[in-house]
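Colleague: Pasting my_file-v3.txt here (compact mmCIF, C-alpha atoms):
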# COMPACT_ATOMS: atom_id res chain seq x y z
CA CYS A 1 49.37 42.28 3.90
CA PRO A 2 49.74 43.68 0.30
CA ARG A 3 47.98 46.47 -1.65
CA ASN A 4 47.95 47.56 -5.34
CA SER A 5 47.38 50.43 -7.74
CA THR A 6 44.82 48.04 -9.11
CA ASP A 7 44.79 45.83 -6.04
CA THR A 8 45.59 46.72 -2.45
CA ASP A 9 45.94 44.89 0.89
CA VAL A 10 45.99 46.37 4.37
CA LEU A 11 49.16 46.85 6.40
CA CYS A 12 48.20 47.49 10.02
CA MET A 13 50.76 49.99 11.26
CA PRO A 14 50.77 53.71 12.09
CA ILE A 15 51.64 56.27 9.44
CA ASN A 16 54.99 57.75 10.38
CA GLN A 17 56.52 59.05 7.16
CA PRO A 18 54.08 59.12 4.25
CA HIS A 19 55.83 58.51 0.96
CA LYS A 20 55.17 61.92 -0.56
CA ALA A 21 56.81 61.24 -3.91
CA TYR A 22 54.49 58.30 -4.51
CA GLN A 23 51.45 60.32 -3.47
CA THR A 24 52.48 62.92 -6.06
CA TRP A 25 52.87 60.20 -8.70
CA ILE A 26 49.36 58.90 -7.91
CA ALA A 27 47.85 62.38 -8.24
CA GLU A 28 49.60 62.95 -11.57
CA ASN A 29 48.94 59.56 -13.16
CA GLU A 30 45.71 58.02 -11.86
CA PRO A 31 42.24 59.13 -12.97
CA ASP A 32 40.43 61.75 -10.92
CA GLU A 33 36.70 61.68 -10.17
CA ARG A 34 35.83 63.35 -13.48
CA GLU A 35 37.77 60.73 -15.44
CA LEU A 36 36.23 57.90 -13.40
CA HIS A 37 32.81 59.25 -14.38
CA ARG A 38 33.87 59.21 -18.04
CA GLN A 39 35.06 55.64 -17.67
CA ARG A 40 31.63 54.55 -16.47
CA GLN A 41 30.15 55.98 -19.66
CA LYS A 42 32.87 54.51 -21.92
CA ALA A 43 32.52 51.06 -20.34
CA THR A 44 28.94 50.70 -21.56
CA ALA A 45 30.11 51.34 -25.15
CA PHE A 46 32.86 48.72 -25.33
CA PRO A 47 32.20 46.42 -28.33
CA PHE A 48 33.37 43.48 -26.20
CA ARG A 49 31.95 43.49 -22.68
CA PRO A 50 33.14 40.28 -21.03
CA LEU A 51 31.72 39.22 -17.70
CA ILE A 52 34.53 39.09 -15.15
CA SER A 53 33.97 36.70 -12.24
CA ILE A 54 35.88 37.81 -9.15
CA ILE A 55 36.82 34.87 -6.92
CA MET A 56 37.15 35.65 -3.21
CA PRO A 57 37.91 33.11 -0.45
CA VAL A 58 36.70 34.28 2.97
CA TYR A 59 37.37 33.07 6.51
CA ASN A 60 36.82 35.09 9.68
CA THR A 61 37.79 38.32 7.96
CA PRO A 62 37.58 41.44 10.17
CA THR A 63 34.51 43.24 8.91
CA GLN A 64 36.23 46.58 8.26
CA PHE A 65 38.61 44.92 5.79
CA LEU A 66 36.01 42.66 4.17
CA ASP A 67 33.55 45.52 3.79
CA ALA A 68 36.22 47.71 2.18
CA ALA A 69 37.22 44.88 -0.19
CA ILE A 70 33.66 44.33 -1.39
CA GLN A 71 33.02 48.07 -1.61
CA SER A 72 36.06 48.41 -3.88
CA VAL A 73 34.48 45.85 -6.23
CA VAL A 74 31.09 47.55 -6.23
CA GLU A 75 32.71 50.90 -7.06
CA GLN A 76 34.35 49.62 -10.27
CA THR A 77 33.83 51.85 -13.30
CA TYR A 78 33.37 48.70 -15.42
CA ASP A 79 30.03 47.18 -14.44
CA ARG A 80 30.04 43.69 -16.02
CA TRP A 81 31.40 41.73 -13.07
CA GLN A 82 30.18 39.20 -10.58
CA LEU A 83 31.69 38.59 -7.15
CA CYS A 84 31.76 34.94 -6.11
CA ALA A 85 32.78 34.60 -2.46
CA ALA A 86 33.01 31.35 -0.51
CA ASP A 87 33.03 31.57 3.29
CA GLY A 88 34.87 28.71 4.97
CA ASN A 89 32.40 28.36 7.86
CA SER A 90 33.53 31.53 9.65
CA ASN A 91 32.77 31.46 13.37
CA ARG A 92 32.65 35.26 13.42
CA LEU A 93 28.95 35.99 13.12
CA GLU A 94 29.63 39.53 11.90
CA THR A 95 31.60 38.18 8.92
CA ARG A 96 28.68 36.01 7.80
CA GLU A 97 26.18 38.80 8.41
CA LEU A 98 28.21 41.26 6.32
CA LEU A 99 28.40 38.82 3.40
CA THR A 100 24.64 38.25 3.56
CA LYS A 101 23.99 41.98 3.64
CA TRP A 102 26.08 42.59 0.52
CA ALA A 103 24.47 39.70 -1.37
CA GLU A 104 21.03 41.17 -0.63
CA LYS A 105 22.20 44.62 -1.71
CA ASP A 106 23.74 43.72 -5.10
CA LYS A 107 22.57 40.83 -7.28
CA ARG A 108 26.03 40.54 -8.84
CA ILE A 109 27.34 39.22 -5.51
CA ASN A 110 27.07 35.45 -4.98
CA ILE A 111 27.91 34.05 -1.54
CA THR A 112 28.49 30.38 -0.70
CA PHE A 113 28.60 29.34 2.94
CA LEU A 114 30.63 26.16 3.37
CA ASP A 115 30.33 23.55 6.11
CA ARG A 116 34.05 23.76 6.88
CA ASN A 117 37.09 25.84 6.06
CA LEU A 118 38.90 24.41 3.03
CA GLY A 119 41.69 26.97 3.09
CA ILE A 120 42.46 29.57 0.45
CA SER A 121 42.65 27.11 -2.44
CA GLY A 122 39.64 25.04 -1.41
CA ASN A 123 37.44 28.03 -0.66
CA SER A 124 38.53 29.64 -3.94
CA ASN A 125 37.62 26.50 -5.87
CA GLU A 126 34.16 26.48 -4.27
CA ALA A 127 33.70 30.11 -5.31
CA LEU A 128 34.97 29.28 -8.79
CA GLY A 129 32.20 26.69 -9.10
CA LYS A 130 29.67 29.53 -9.01
CA ALA A 131 31.44 31.65 -11.63
CA THR A 132 29.74 32.18 -14.99
CA GLY A 133 32.08 34.80 -16.44
CA ASP A 134 34.30 34.87 -19.50
CA PHE A 135 37.31 35.59 -17.27
CA ILE A 136 38.07 35.13 -13.60
CA ALA A 137 39.88 37.56 -11.30
CA LEU A 138 41.57 36.39 -8.10
CA LEU A 139 41.03 38.66 -5.10
CA ASP A 140 41.72 38.12 -1.40
CA HIS A 141 39.20 39.02 1.27
CA ASP A 142 41.34 41.95 2.47
CA ASP A 143 42.45 43.29 -0.92
CA LEU A 144 41.32 46.58 -2.41
CA LEU A 145 40.80 47.21 -6.11
CA ALA A 146 41.44 50.62 -7.58
CA PRO A 147 38.11 51.84 -9.04
CA PHE A 148 39.51 51.71 -12.58
CA ALA A 149 40.99 48.19 -12.31
CA LEU A 150 38.37 46.24 -14.27
CA PHE A 151 37.96 49.08 -16.76
CA GLU A 152 41.64 48.74 -17.68
CA VAL A 153 41.19 44.96 -17.98
CA ALA A 154 38.20 45.35 -20.32
CA LYS A 155 40.00 48.05 -22.30
CA LEU A 156 42.96 45.72 -22.88
CA LEU A 157 40.70 42.81 -23.83
CA ASN A 158 39.00 45.03 -26.41
CA SER A 159 42.36 45.89 -27.94
CA ASP A 160 43.55 42.27 -28.03
CA ARG A 161 40.94 39.50 -27.95
CA GLN A 162 43.69 36.85 -27.85
CA THR A 163 44.81 37.81 -24.35
CA ASP A 164 44.49 34.94 -21.87
CA PHE A 165 46.26 36.25 -18.77
CA ILE A 166 46.58 39.75 -17.30
CA TYR A 167 48.50 40.86 -14.23
CA SER A 168 48.65 44.27 -12.61
CA ASP A 169 50.92 46.53 -10.60
CA ARG A 170 50.33 46.60 -6.87
CA ASP A 171 51.15 48.60 -3.79
CA MET A 172 50.40 48.61 -0.07
CA VAL A 173 48.25 50.84 2.11
CA PHE A 174 48.41 52.02 5.68
CA GLU A 175 45.65 51.12 8.11
CA ASP A 176 43.90 54.40 7.36
CA GLY A 177 42.86 52.76 4.09
CA ILE A 178 43.99 55.81 2.12
CA THR A 179 47.75 56.36 2.21
CA ARG A 180 49.47 54.04 -0.26
CA PHE A 181 53.14 53.08 -0.36
CA SER A 182 55.71 50.54 -1.56
CA PRO A 183 54.51 50.18 -5.17
CA LEU A 184 55.62 47.27 -7.32
CA PHE A 185 55.44 48.39 -10.94
CA LYS A 186 55.62 45.27 -13.07
CA PRO A 187 57.10 45.27 -16.56
CA ALA A 188 56.04 43.08 -19.44
CA TRP A 189 56.97 39.45 -18.89
CA SER A 190 60.23 39.40 -16.93
CA PRO A 191 61.73 36.16 -15.58
CA ASP A 192 64.21 38.21 -13.51
CA THR A 193 61.40 40.05 -11.74
CA LEU A 194 59.62 36.73 -11.22
CA LEU A 195 62.68 35.46 -9.33
CA SER A 196 63.01 38.59 -7.18
CA ALA A 197 59.44 39.63 -6.27
CA ASN A 198 55.94 38.28 -5.74
CA TYR A 199 55.25 38.95 -9.39
CA LEU A 200 52.07 37.17 -10.45
CA THR A 201 50.00 38.11 -7.42
CA HIS A 202 46.74 40.06 -7.37
CA LEU A 203 45.28 41.37 -9.43
CA SER A 204 45.40 38.44 -11.85
CA ILE A 205 42.84 37.94 -14.61
CA ILE A 206 42.64 34.56 -16.33
As a first step, turn the structure in this file into structure tokens.
Modeller:
Amino acid sequence: CPRNSTDTDVLCMPINQPHKAYQTWIAENEPDERELHRQRQKATAFPFRPLISIIMPVYNTPTQFLDAAIQSVVEQTYDRWQLCAADGNSNRLETRELLTKWAEKDKRINITFLDRNLGISGNSNEALGKATGDFIALLDHDDLLAPFALFEVAKLLNSDRQTDFIYSDRDMVFEDGITRFSPLFKPAWSPDTLLSANYLTHLSII
């Protein structure tokens, strides 16, 4: 399962040899807690504050991964988002209970419980039907967003209002939920990269 510097999935394996060079790069290039606090202040002053609807299909997701995914949305430094999740009739009671708990906790979270599982595309389309945003973001039920992900999206949209599609770098994370590895740094539009890697994956903003 994938993970990203703006979007991250969980790889369930022990940590044997942490990729120290990448950890150093993260520390040197990504915002620290002080900068994340500044971003929260800056985000409220953007002239253009689009609502970003995050579309999440859900089905029998282990609660530790689903909870972390939703938490990563709630912790965004850009606050004008809504999370639209559609559960494909999960038979894991704890999955449904966790979704209900989050919806009660944050009004920006909209949950749809379906009568049957329609798969990733079908469940996503049901979630999309609840979206009211200016843009949509596609996020899996076991992805993680970096806390500055939507801030960077809004920052770009303020610099260029004509932008219709945004894609991000990504990496992976060990099962500890902390140690990241195997980054895919994506260039500007590159057909060669498209043919050699899963290029237009999460996070995608449309």
Colleague: Of the residues A:Tyr59, A:Pro183, A:Ile70, A:Thr77, which is the one nearest to A:Phe151, using all atoms listed in the file?
Modeller: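 Counting all atoms listed in the file, the residue closest to A:Phe151 is A:Thr77.
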Colleague: Which residues come within 6 Å of stretch 117-128 of chain A, counting only C-alpha atoms, excluding same-chain residues fewer than 2 positions away, as a PyMOL selection string?
Modeller: chain A and resi 55+57+84-86+88-89+130-131
Colleague: Provide the atom CA of A:Ala27 to atom CA of A:Ile52 distance in Å, to one decimal place.
Modeller: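 Here the two named atoms are 27.7 Å from each other.
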Colleague: Given the choices A:Glu175, A:Glu152, A:Asp143, A:Asp169, which gets closest to A:Thr61 if the distance is worked out from all atoms listed in the file?
Modeller: A:Asp143
Colleague: Have a look at A:Ser90, A:Tyr78, A:Asp32, A:Thr44 and name the one nearest to A:Asp115; count only C-alpha atoms.
Modeller: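 Between A:Ser90, A:Tyr78, A:Asp32, A:Thr44, the residue approaching A:Asp115 most closely is A:Ser90.
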